[in-house]
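Undergrad: One file: input_21.cif (mmCIF, C-alpha atoms).
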```cif
data_entry
loop_
_atom_site.label_atom_id
_atom_site.label_comp_id
_atom_site.auth_asym_id
_atom_site.auth_seq_id
_atom_site.Cartn_x
_atom_site.Cartn_y
_atom_site.Cartn_z
CA VAL A 1 52.20 7.17 -9.16
CA ASP A 2 53.02 4.79 -6.32
CA MET A 3 55.61 2.13 -6.99
CA PRO A 4 58.47 0.42 -5.18
CA THR A 5 62.13 0.72 -6.10
CA ASP A 6 65.17 -1.35 -5.14
CA LYS A 7 65.78 0.82 -2.05
CA GLY A 8 62.51 2.57 -1.37
CA GLN A 9 59.38 4.03 -2.92
CA VAL A 10 58.33 6.65 -5.50
CA ARG A 11 55.04 8.44 -4.94
CA GLY A 12 53.62 11.39 -6.79
CA ILE A 13 51.06 13.01 -9.07
CA LEU A 14 51.33 14.00 -12.74
CA ALA A 15 48.63 16.20 -14.29
CA LEU A 16 48.15 17.38 -17.88
CA ASP A 17 45.67 20.17 -18.60
CA GLY A 18 44.40 20.84 -22.10
CA PHE A 19 46.18 17.81 -23.56
CA HIS A 20 45.55 17.09 -27.24
CA LEU A 21 47.02 14.86 -29.94
CA ASP A 22 46.14 15.32 -33.61
CA ALA A 23 47.67 12.78 -35.97
CA ASP A 24 47.23 11.82 -39.61
CA TYR A 25 48.92 8.58 -40.71
CA ASP A 26 48.68 7.21 -44.24
CA PRO A 27 51.32 4.56 -45.08
CA GLN A 28 50.55 4.90 -48.81
CA ALA A 29 51.33 8.64 -48.98
CA ASP A 30 54.79 10.13 -49.50
CA GLN A 31 54.21 12.33 -46.45
CA PHE A 32 52.82 9.51 -44.35
CA LEU A 33 52.81 11.11 -40.89
CA ARG A 34 51.69 14.50 -39.56
CA SER A 35 51.12 14.93 -35.85
CA THR A 36 50.79 17.73 -33.31
CA LEU A 37 50.93 17.04 -29.60
CA GLY A 38 50.36 19.72 -27.00
CA THR A 39 49.21 20.60 -23.53
CA ASP A 40 48.38 23.88 -21.81
CA ASN A 41 50.18 22.86 -18.65
CA VAL A 42 52.05 19.88 -17.20
CA THR A 43 52.62 19.67 -13.46
CA GLY A 44 54.20 17.01 -11.32
CA ALA A 45 55.03 16.47 -7.67
CA PHE A 46 57.02 13.41 -6.60
CA GLN A 47 58.60 12.12 -3.45
CA ILE A 48 61.46 9.66 -3.77
CA ALA A 49 62.38 7.60 -0.74
CA ASP A 50 65.83 5.99 -0.96
CA ALA A 51 66.52 4.01 2.19
CA ALA A 52 66.35 6.58 5.01
CA GLN A 53 66.61 9.61 2.71
CA VAL A 54 63.63 11.36 1.12
CA SER A 55 63.79 13.83 -1.79
CA ASP A 56 61.05 15.98 -3.28
CA PHE A 57 60.78 16.92 -6.95
CA LYS A 58 58.22 19.37 -8.38
CA PHE A 59 57.86 20.88 -11.83
CA SER A 60 55.46 22.90 -13.95
CA GLU A 61 55.69 23.51 -17.71
CA ASP A 62 53.33 25.74 -19.73
CA GLU A 63 52.16 25.60 -23.35
CA VAL A 64 54.13 22.61 -24.60
CA THR A 65 53.89 21.70 -28.29
CA ILE A 66 55.57 18.99 -30.34
CA GLU A 67 55.07 18.75 -34.11
CA THR A 68 56.28 15.84 -36.22
CA ARG A 69 56.36 15.31 -39.98
CA ALA A 70 57.66 12.23 -41.78
CA LYS A 71 57.90 11.44 -45.48
CA THR A 72 59.66 9.15 -47.91
CA SER A 73 63.09 10.44 -48.98
CA ALA A 74 63.43 11.81 -52.49
CA ASP A 75 65.57 8.84 -53.56
CA GLY A 76 63.19 6.38 -51.91
CA ALA A 77 66.04 4.87 -49.87
CA GLY A 78 64.86 6.07 -46.46
CA ILE A 79 62.61 8.53 -44.69
CA ASP A 80 62.89 12.21 -43.77
CA VAL A 81 61.71 13.31 -40.35
CA ALA A 82 61.18 16.88 -39.11
CA MET A 83 60.36 17.78 -35.52
CA ALA A 84 59.72 21.09 -33.75
CA GLN A 85 59.23 21.58 -30.01
CA ALA A 86 58.45 24.61 -27.88
CA PHE A 87 57.41 25.57 -24.38
CA LYS A 88 56.45 28.91 -22.83
CA SER A 89 57.90 28.49 -19.35
CA LEU A 90 59.36 25.86 -17.04
CA THR A 91 59.96 25.73 -13.28
CA GLU A 92 61.54 22.86 -11.38
CA THR A 93 62.36 22.52 -7.69
CA ILE A 94 64.40 19.75 -6.09
CA ALA A 95 64.78 19.32 -2.33
CA ALA A 96 67.44 16.73 -1.53
CA PRO A 97 69.25 15.62 1.63
CA GLN A 98 72.68 17.07 2.24
CA PRO A 99 75.67 14.70 2.55
CA ASN A 100 76.35 15.91 6.11
CA GLY A 101 72.85 15.06 7.24
CA GLY A 102 71.63 18.66 7.55
CA PRO A 103 68.26 20.02 6.41
CA LEU A 104 67.07 19.50 2.84
CA ALA A 105 68.98 21.54 0.28
CA GLN A 106 66.65 23.19 -2.24
CA PHE A 107 67.50 23.83 -5.88
CA THR A 108 65.13 25.78 -8.15
CA TYR A 109 65.54 26.71 -11.77
CA THR A 110 63.24 28.49 -14.19
CA MET A 111 63.23 29.08 -17.94
CA ALA A 112 61.24 31.80 -19.68
CA GLY A 113 60.79 29.67 -22.80
CA GLY A 114 62.52 27.46 -25.27
CA VAL A 115 62.37 26.13 -28.82
CA SER A 116 64.13 23.27 -30.57
CA GLY A 117 64.01 21.59 -33.94
CA ALA A 118 65.51 18.64 -35.76
CA ASN A 119 65.61 17.51 -39.38
CA LEU A 120 66.75 14.02 -40.27
CA THR A 121 67.09 13.05 -43.92
CA GLY A 122 67.57 9.63 -45.45
CA LEU A 123 67.10 7.61 -42.27
CA ARG A 124 67.39 3.90 -43.10
CA ALA A 125 64.41 3.15 -40.89
CA LYS A 126 63.29 -0.06 -42.59
CA GLU A 127 66.78 -1.57 -42.57
CA ILE A 128 67.47 -0.46 -38.97
CA GLY A 129 64.16 -2.00 -37.92
CA ALA A 130 65.04 -5.29 -39.58
CA LEU A 131 68.44 -5.31 -37.87
CA TRP A 132 66.84 -4.59 -34.49
CA LYS A 133 64.38 -7.49 -34.89
CA TYR A 134 67.27 -9.77 -35.82
CA LEU A 135 69.33 -8.76 -32.77
CA VAL A 136 66.36 -9.31 -30.46
CA ALA A 137 65.74 -12.76 -31.95
CA HIS A 138 69.39 -13.86 -31.91
CA GLY A 139 70.84 -11.83 -29.05
CA ASP A 140 71.63 -14.97 -27.06
CA ASP A 141 73.51 -16.72 -29.86
CA PRO A 142 77.12 -17.40 -28.73
CA ASN A 143 78.55 -16.62 -32.18
CA PRO A 144 77.41 -14.23 -34.91
CA ARG A 145 75.51 -15.86 -37.76
CA SER A 146 76.52 -15.50 -41.39
CA ASP A 147 73.32 -13.59 -42.19
CA LEU A 148 74.19 -10.73 -39.77
CA LYS A 149 76.75 -9.06 -42.02
CA PRO A 150 74.32 -8.30 -44.90
CA LEU A 151 71.94 -6.71 -42.38
CA LEU A 152 74.72 -4.53 -40.99
CA GLN A 153 75.75 -3.44 -44.48
CA SER A 154 72.16 -2.63 -45.43
CA VAL A 155 71.80 0.07 -42.75
CA LEU A 156 74.70 2.12 -44.15
CA PRO A 157 75.00 5.07 -44.30
CA LEU A 158 72.49 5.08 -41.36
CA TRP A 159 71.17 8.48 -42.52
CA GLN A 160 72.20 11.25 -44.88
CA GLU A 161 72.19 14.20 -42.48
CA ILE A 162 70.92 15.29 -39.07
CA ARG A 163 70.46 18.96 -38.26
CA ALA A 164 69.27 19.97 -34.81
CA ASP A 165 69.24 23.16 -32.78
CA ALA A 166 67.81 24.39 -29.48
CA LYS A 167 67.54 27.73 -27.69
CA ILE A 168 66.43 28.54 -24.14
CA ASP A 169 65.85 32.08 -22.83
CA ASP A 170 66.20 33.66 -19.39
CA MET A 171 67.39 30.76 -17.28
CA GLN A 172 67.65 31.29 -13.52
CA PHE A 173 69.17 28.92 -10.97
CA GLN A 174 68.72 29.31 -7.23
CA MET A 175 70.99 27.10 -5.10
CA PRO A 176 71.90 27.04 -1.41
CA PHE A 177 75.34 28.45 -2.18
CA GLY A 178 74.28 31.15 -4.68
CA THR A 179 72.42 32.05 -7.85
CA ALA A 180 73.14 31.97 -11.57
CA THR A 181 71.37 33.50 -14.55
CA ILE A 182 71.76 33.05 -18.30
CA LYS A 183 70.13 35.41 -20.76
CA SER A 184 70.08 32.76 -23.49
CA PHE A 185 71.67 29.41 -24.25
CA GLY A 186 71.72 27.71 -27.65
CA GLU A 187 73.33 24.70 -29.23
CA SER A 188 73.37 23.18 -32.70
CA ILE A 189 74.54 20.02 -34.41
CA ASP A 190 74.97 19.03 -38.05
CA LEU A 191 76.01 15.41 -38.52
CA SER A 192 76.14 13.38 -41.69
CA GLY A 193 75.78 9.65 -41.78
CA LEU A 194 78.59 7.39 -42.89
CA THR A 195 78.49 8.97 -46.34
CA ALA A 196 81.18 9.49 -48.95
CA SER A 197 81.57 13.13 -47.88
CA GLY A 198 81.25 13.43 -44.10
CA ILE A 199 80.31 16.43 -41.97
CA ALA A 200 80.25 16.90 -38.19
CA GLU A 201 79.55 20.37 -36.82
CA PHE A 202 78.87 21.38 -33.23
CA GLY A 203 78.04 24.84 -31.97
CA ILE A 204 77.27 26.48 -28.65
CA LYS A 205 76.14 30.02 -27.93
CA LEU A 206 75.93 31.39 -24.40
CA GLU A 207 74.88 34.95 -23.60
CA ASP A 208 75.37 36.75 -20.29
CA LEU A 209 76.13 34.02 -17.76
CA ASP A 210 76.18 35.65 -14.32
CA VAL A 211 77.08 33.79 -11.12
CA SER A 212 76.66 35.24 -7.62
CA SER A 213 77.72 33.57 -4.38
CA THR A 214 79.04 34.78 -1.06
CA SER A 215 81.08 31.57 -0.76
CA LEU A 216 83.16 32.28 -3.89
CA PRO A 217 86.36 34.37 -3.93
CA GLY A 218 85.94 38.01 -4.81
CA TRP A 219 87.85 37.74 -8.10
CA VAL A 220 85.16 35.38 -9.48
CA SER A 221 82.82 38.35 -9.94
CA SER A 222 85.23 39.59 -12.62
CA LEU A 223 84.20 36.60 -14.79
CA SER A 224 80.54 37.63 -15.01
CA PRO A 225 78.70 38.24 -17.20
CA ALA A 226 80.30 35.81 -19.62
CA SER A 227 79.33 35.16 -23.26
CA LEU A 228 80.60 32.48 -25.62
CA ASP A 229 80.03 31.77 -29.31
CA LEU A 230 81.89 28.65 -30.47
CA SER A 231 81.40 26.44 -33.54
CA LEU A 232 83.61 23.64 -34.88
CA ARG A 233 83.12 21.91 -38.22
CA LEU A 234 84.86 18.70 -39.32
CA THR A 235 84.75 17.53 -42.92
CA GLY A 236 86.33 14.61 -44.73
CA GLU A 237 85.97 12.04 -47.49
CA ASP A 238 85.49 8.25 -47.64
CA TRP A 239 83.58 7.86 -44.36
CA ASP A 240 81.44 5.24 -46.09
CA ARG A 241 84.50 3.29 -47.25
CA ALA A 242 85.95 3.29 -43.72
CA ALA A 243 82.65 1.98 -42.33
CA ARG A 244 82.51 -0.92 -44.79
CA ILE A 245 86.11 -1.88 -44.05
CA ALA A 246 85.18 -2.00 -40.36
CA LEU A 247 82.23 -4.30 -41.10
CA ASP A 248 84.49 -6.58 -43.14
CA ASP A 249 86.76 -7.13 -40.15
CA PRO A 250 85.82 -10.54 -38.63
CA HIS A 251 86.85 -9.29 -35.18
CA PHE A 252 84.15 -6.59 -35.40
CA GLY A 253 81.44 -9.20 -35.88
CA GLU A 254 82.79 -11.44 -33.13
CA SER A 255 83.72 -9.02 -30.36
CA GLY A 256 82.78 -5.55 -31.56
CA GLU A 257 86.46 -4.58 -31.71
CA LEU A 258 88.68 -3.93 -34.72
CA SER A 259 91.99 -5.61 -35.38
CA PRO A 260 95.09 -3.36 -35.34
CA GLU A 261 95.47 -3.89 -39.10
CA THR A 262 91.93 -2.71 -39.79
CA SER A 263 92.32 0.26 -37.46
CA ASP A 264 95.49 1.31 -39.29
CA GLN A 265 93.79 0.91 -42.67
CA ILE A 266 90.82 3.05 -41.58
CA THR A 267 93.17 5.73 -40.23
CA GLN A 268 95.04 5.84 -43.54
CA ILE A 269 91.79 6.15 -45.50
CA LEU A 270 90.44 8.95 -43.32
CA MET A 271 93.73 10.87 -43.34
CA ALA A 272 93.87 10.56 -47.13
CA GLY A 273 90.32 11.96 -47.35
CA HIS A 274 91.49 15.57 -46.80
CA PRO A 275 90.12 15.98 -43.25
CA LYS A 276 89.64 19.58 -42.20
CA ILE A 277 88.59 21.25 -38.96
CA VAL A 278 87.17 24.76 -39.26
CA LEU A 279 86.79 27.07 -36.30
CA THR A 280 84.15 29.53 -37.50
CA PRO A 281 84.37 33.16 -36.32
CA GLY A 282 83.49 33.21 -32.63
CA HIS A 283 84.14 35.05 -29.42
CA LEU A 284 84.57 34.80 -25.67
CA LYS A 285 83.63 37.83 -23.60
CA ILE A 286 84.02 38.49 -19.90
CA PRO A 287 84.54 41.86 -18.18
CA ALA A 288 88.29 41.22 -18.17
CA LEU A 289 88.63 40.03 -21.77
CA ASP A 290 87.06 40.31 -25.23
CA LEU A 291 88.54 37.52 -27.33
CA ALA A 292 87.74 36.78 -31.00
CA PHE A 293 88.97 33.75 -32.92
CA GLU A 294 88.69 31.85 -36.21
CA GLY A 295 90.80 29.48 -38.28
CA GLU A 296 91.19 26.00 -39.72
CA ALA A 297 93.45 22.96 -39.65
CA SER A 298 93.77 20.35 -42.39
CA VAL A 299 95.84 17.42 -43.61
CA ALA A 300 97.13 17.39 -47.17
CA GLY A 301 99.62 14.82 -48.40
CA GLY A 302 99.97 13.49 -44.85
CA ALA A 303 101.26 16.81 -43.52
CA PRO A 304 99.06 18.77 -41.06
CA THR A 305 98.82 22.53 -41.46
CA ALA A 306 96.80 25.12 -39.55
CA HIS A 307 96.07 28.83 -39.56
CA PHE A 308 94.27 30.70 -36.77
CA ASN A 309 93.51 34.37 -36.21
CA ILE A 310 93.07 35.52 -32.62
CA SER A 311 92.48 39.02 -31.32
CA ALA A 312 91.82 40.59 -27.92
CA ASP A 313 90.80 44.05 -26.78
CA SER A 314 93.52 44.04 -24.12
CA LEU A 315 95.32 41.74 -21.74
CA ASP A 316 95.84 44.30 -18.98
CA ARG A 317 92.53 43.56 -17.24
CA THR A 318 93.16 39.82 -17.58
CA ILE A 319 96.57 40.20 -16.00
CA ALA A 320 95.02 42.18 -13.15
CA LEU A 321 92.45 39.40 -12.68
CA LEU A 322 95.21 36.77 -12.51
CA GLN A 323 97.02 38.84 -9.92
CA ASP A 324 93.91 38.67 -7.73
CA PHE A 325 93.68 34.94 -8.41
CA ALA A 326 97.33 34.56 -7.38
CA LYS A 327 96.37 35.37 -3.80
CA ALA A 328 94.49 32.04 -3.62
CA GLN A 329 96.49 29.92 -6.12
CA PRO A 330 99.96 31.49 -6.51
CA ASP A 331 101.58 28.61 -8.43
CA ALA A 332 98.83 28.25 -11.06
CA ALA A 333 98.47 31.99 -11.49
CA GLN A 334 102.21 32.49 -11.90
CA ASN A 335 102.34 30.08 -14.84
CA ALA A 336 99.35 31.79 -16.47
CA LEU A 337 100.89 35.23 -15.96
CA LEU A 338 104.10 34.11 -17.62
CA ALA A 339 102.14 32.71 -20.59
CA LEU A 340 100.10 35.92 -20.99
CA THR A 341 103.25 38.03 -20.84
CA LEU A 342 104.80 35.91 -23.61
CA TRP A 343 101.71 36.14 -25.82
CA LYS A 344 101.38 39.88 -25.24
CA GLY A 345 104.96 40.31 -26.42
CA LEU A 346 104.20 38.39 -29.64
CA ALA A 347 101.08 40.43 -30.50
CA THR A 348 100.72 43.09 -33.16
CA THR A 349 98.23 45.95 -33.04
CA GLY A 350 95.20 45.72 -35.30
CA ALA A 351 92.00 47.66 -35.87
CA GLU A 352 90.66 49.66 -32.92
CA GLY A 353 93.86 48.93 -31.01
CA ARG A 354 93.14 45.23 -30.58
CA LEU A 355 96.00 42.81 -30.03
CA VAL A 356 96.31 40.37 -32.93
CA TRP A 357 97.95 36.97 -33.25
CA GLU A 358 98.22 35.06 -36.54
CA VAL A 359 99.20 31.51 -35.67
CA GLU A 360 100.58 29.23 -38.40
CA THR A 361 101.66 25.59 -38.15
CA SER A 362 103.36 23.61 -40.87
CA GLY A 363 105.76 20.67 -40.78
CA GLY A 364 105.80 20.71 -36.99
CA ALA A 365 106.87 24.37 -36.79
CA VAL A 366 104.68 27.00 -35.15
CA THR A 367 104.90 30.72 -35.84
CA VAL A 368 103.02 33.64 -34.27
CA ASN A 369 102.95 36.76 -36.41
CA GLY A 370 105.92 35.33 -38.28
CA SER A 371 108.02 34.62 -35.17
CA PRO A 372 108.80 30.95 -34.54
CA LEU A 373 107.87 29.35 -31.24
CA PRO A 374 110.12 26.74 -29.64
CA THR A 375 108.53 23.31 -30.03
CA GLY A 376 111.15 21.12 -28.36
CA PRO A 377 112.47 20.81 -24.79
#
```
Starting from the file, give its structure as structure tokens.

TA:
Amino acid sequence: VDMPTDKGQVRGILALDGFHLDADYDPQADQFLRSTLGTDNVTGAFQIADAAQVSDFKFSEDEVTIETRAKTSADGAGIDVAMAQAFKSLTETIAAPQPNGGPLAQFTYTMAGGVSGANLTGLRAKEIGALWKYLVAHGDDPNPRSDLKPLLQSVLPLWQEIRADAKIDDMQFQMPFGTATIKSFGESIDLSGLTASGIAEFGIKLEDLDVSSTSLPGWVSSLSPASLDLSLRLTGEDWDRAARIALDDPHFGESGELSPETSDQITQILMAGHPKIVLTPGHLKIPALDLAFEGEASVAGGAPTAHFNISADSLDRTIALLQDFAKAQPDAAQNALLALTLWKGLATTGAEGRLVWEVETSGGAVTVNGSPLPTGP
């Protein structure tokens, strides 16, 4: 690679060893695409010159595979696509100039391996393709044409559902100011299209994050290793109806914005569709705290209600950590200490001596273990 940029030049080498692509495409078959792409190793070394500054970027990735399957949806109204990806190891190194003009700062990170997958059902590929061709052909038109609206309506609900997840193991980061390691990191997503019953779920799972740096305050070591398991799920009704009302708004076709009246109507429809947010059982763990949580919030009859269960092994170590933090940030720590003291006083004792809080909200009132909290000034 050797090509100019607006401010300099990019030069480098990319090499693929053991590359292969096996594909079977038959447009007449229900499962019309099967492909497997892979390589034993991918390496790259690039130098990026930006004005007077030069940066180096190197990477190496082993045993990369990507599998793809595509078929006609069961109802014939779209296509279903499944993808799976994996790699055995990855190493990247970046050497970049420092803002103060000192020697190059080097950043290196490695991953022991990773996998990811995605399943997409009911993708309106044909209709989306037709819309894209139309926009390319008429993108310079000063005003939207009358035949645009039917094309926009035809792509709904875009797809039926997307499910995707990824997991990476044994990540290590080496930076000029310290190091960080993560035993595993995962994320997931479940997202419906603009269907009658809508779903949006997001999850993250982090295991044993450990940060080490001589430039950080001593109390920071009390935060490592840290683990987090968090998942939120939103459900509701009439997402498809709200989308069609948006498309019917002439302002949407002209400027891409909705009129206040349409925005209010969509809000009313969504709020009447029994929206609910569910916090699935999760946890946050650091040496100073073991916190578990779950609950849900919903709207019924226009009135929001919520119920959450929270428990902790103890707050004593957290309070001790904040006291150390107070040496550097006394004002911020003092407010946090006051809040922890209040919450500790509201707790009850549950199984294995854990502190427990049952939080309820209804009609604007908030209670913790049956005791009301002040909500006004």

Undergrad: Run the PyMOL selection byres ((chain A and resi 6) around 12) mentally over the shown coordinates, then write out the matched residues as a PDB file with C-alpha atoms, in the coordinates of the input, using the chain letters and numbers from the document.

TA:
```
ATOM      1  CA  MET A   3      55.610   2.130  -6.990  1.00  0.00           C
ATOM      2  CA  PRO A   4      58.470   0.420  -5.180  1.00  0.00           C
ATOM      3  CA  THR A   5      62.130   0.720  -6.100  1.00  0.00           C
ATOM      4  CA  LYS A   7      65.780   0.820  -2.050  1.00  0.00           C
ATOM      5  CA  GLY A   8      62.510   2.570  -1.370  1.00  0.00           C
ATOM      6  CA  GLN A   9      59.380   4.030  -2.920  1.00  0.00           C
ATOM      7  CA  VAL A  10      58.330   6.650  -5.500  1.00  0.00           C
ATOM      8  CA  ILE A  48      61.460   9.660  -3.770  1.00  0.00           C
ATOM      9  CA  ALA A  49      62.380   7.600  -0.740  1.00  0.00           C
ATOM     10  CA  ASP A  50      65.830   5.990  -0.960  1.00  0.00           C
ATOM     11  CA  ALA A  51      66.520   4.010   2.190  1.00  0.00           C
TER      12      ALA A  51
END
```

Undergrad: Please determine, counting all atoms listed in the file, which residue among A:Ile168, A:Ser259, A:Val81, A:Ser221 has the shortest atom-to-atom distance to Arg34 in chain A.

TA: A:Val81

Undergrad: The PyMOL selection byres ((chain A and resi 67) around 9) - which residues does that actually catch in the file I just gave you? List them as JSON, numbers by chain.

TA: {"A": [34, 35, 36, 37, 38, 65, 66, 68, 69, 82, 83, 84, 85]}

Undergrad: Would you translate the PyMOL selection byres ((chain A and resi 263) around 12) into the concrete set of residues it matches in this file, as an MDAnalysis selection string?

TA: chainID A and resid 242:243 245:249 251:252 257:262 264:270

Undergrad: Taking only C-alpha atoms into account, name the residue in A:Ser188, A:Thr341, A:Thr93, A:Gln47 that is nearest to Val1 in chain A.

TA: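 Checking each candidate against Val1 in chain A, we get A:Gln47 as the closest.
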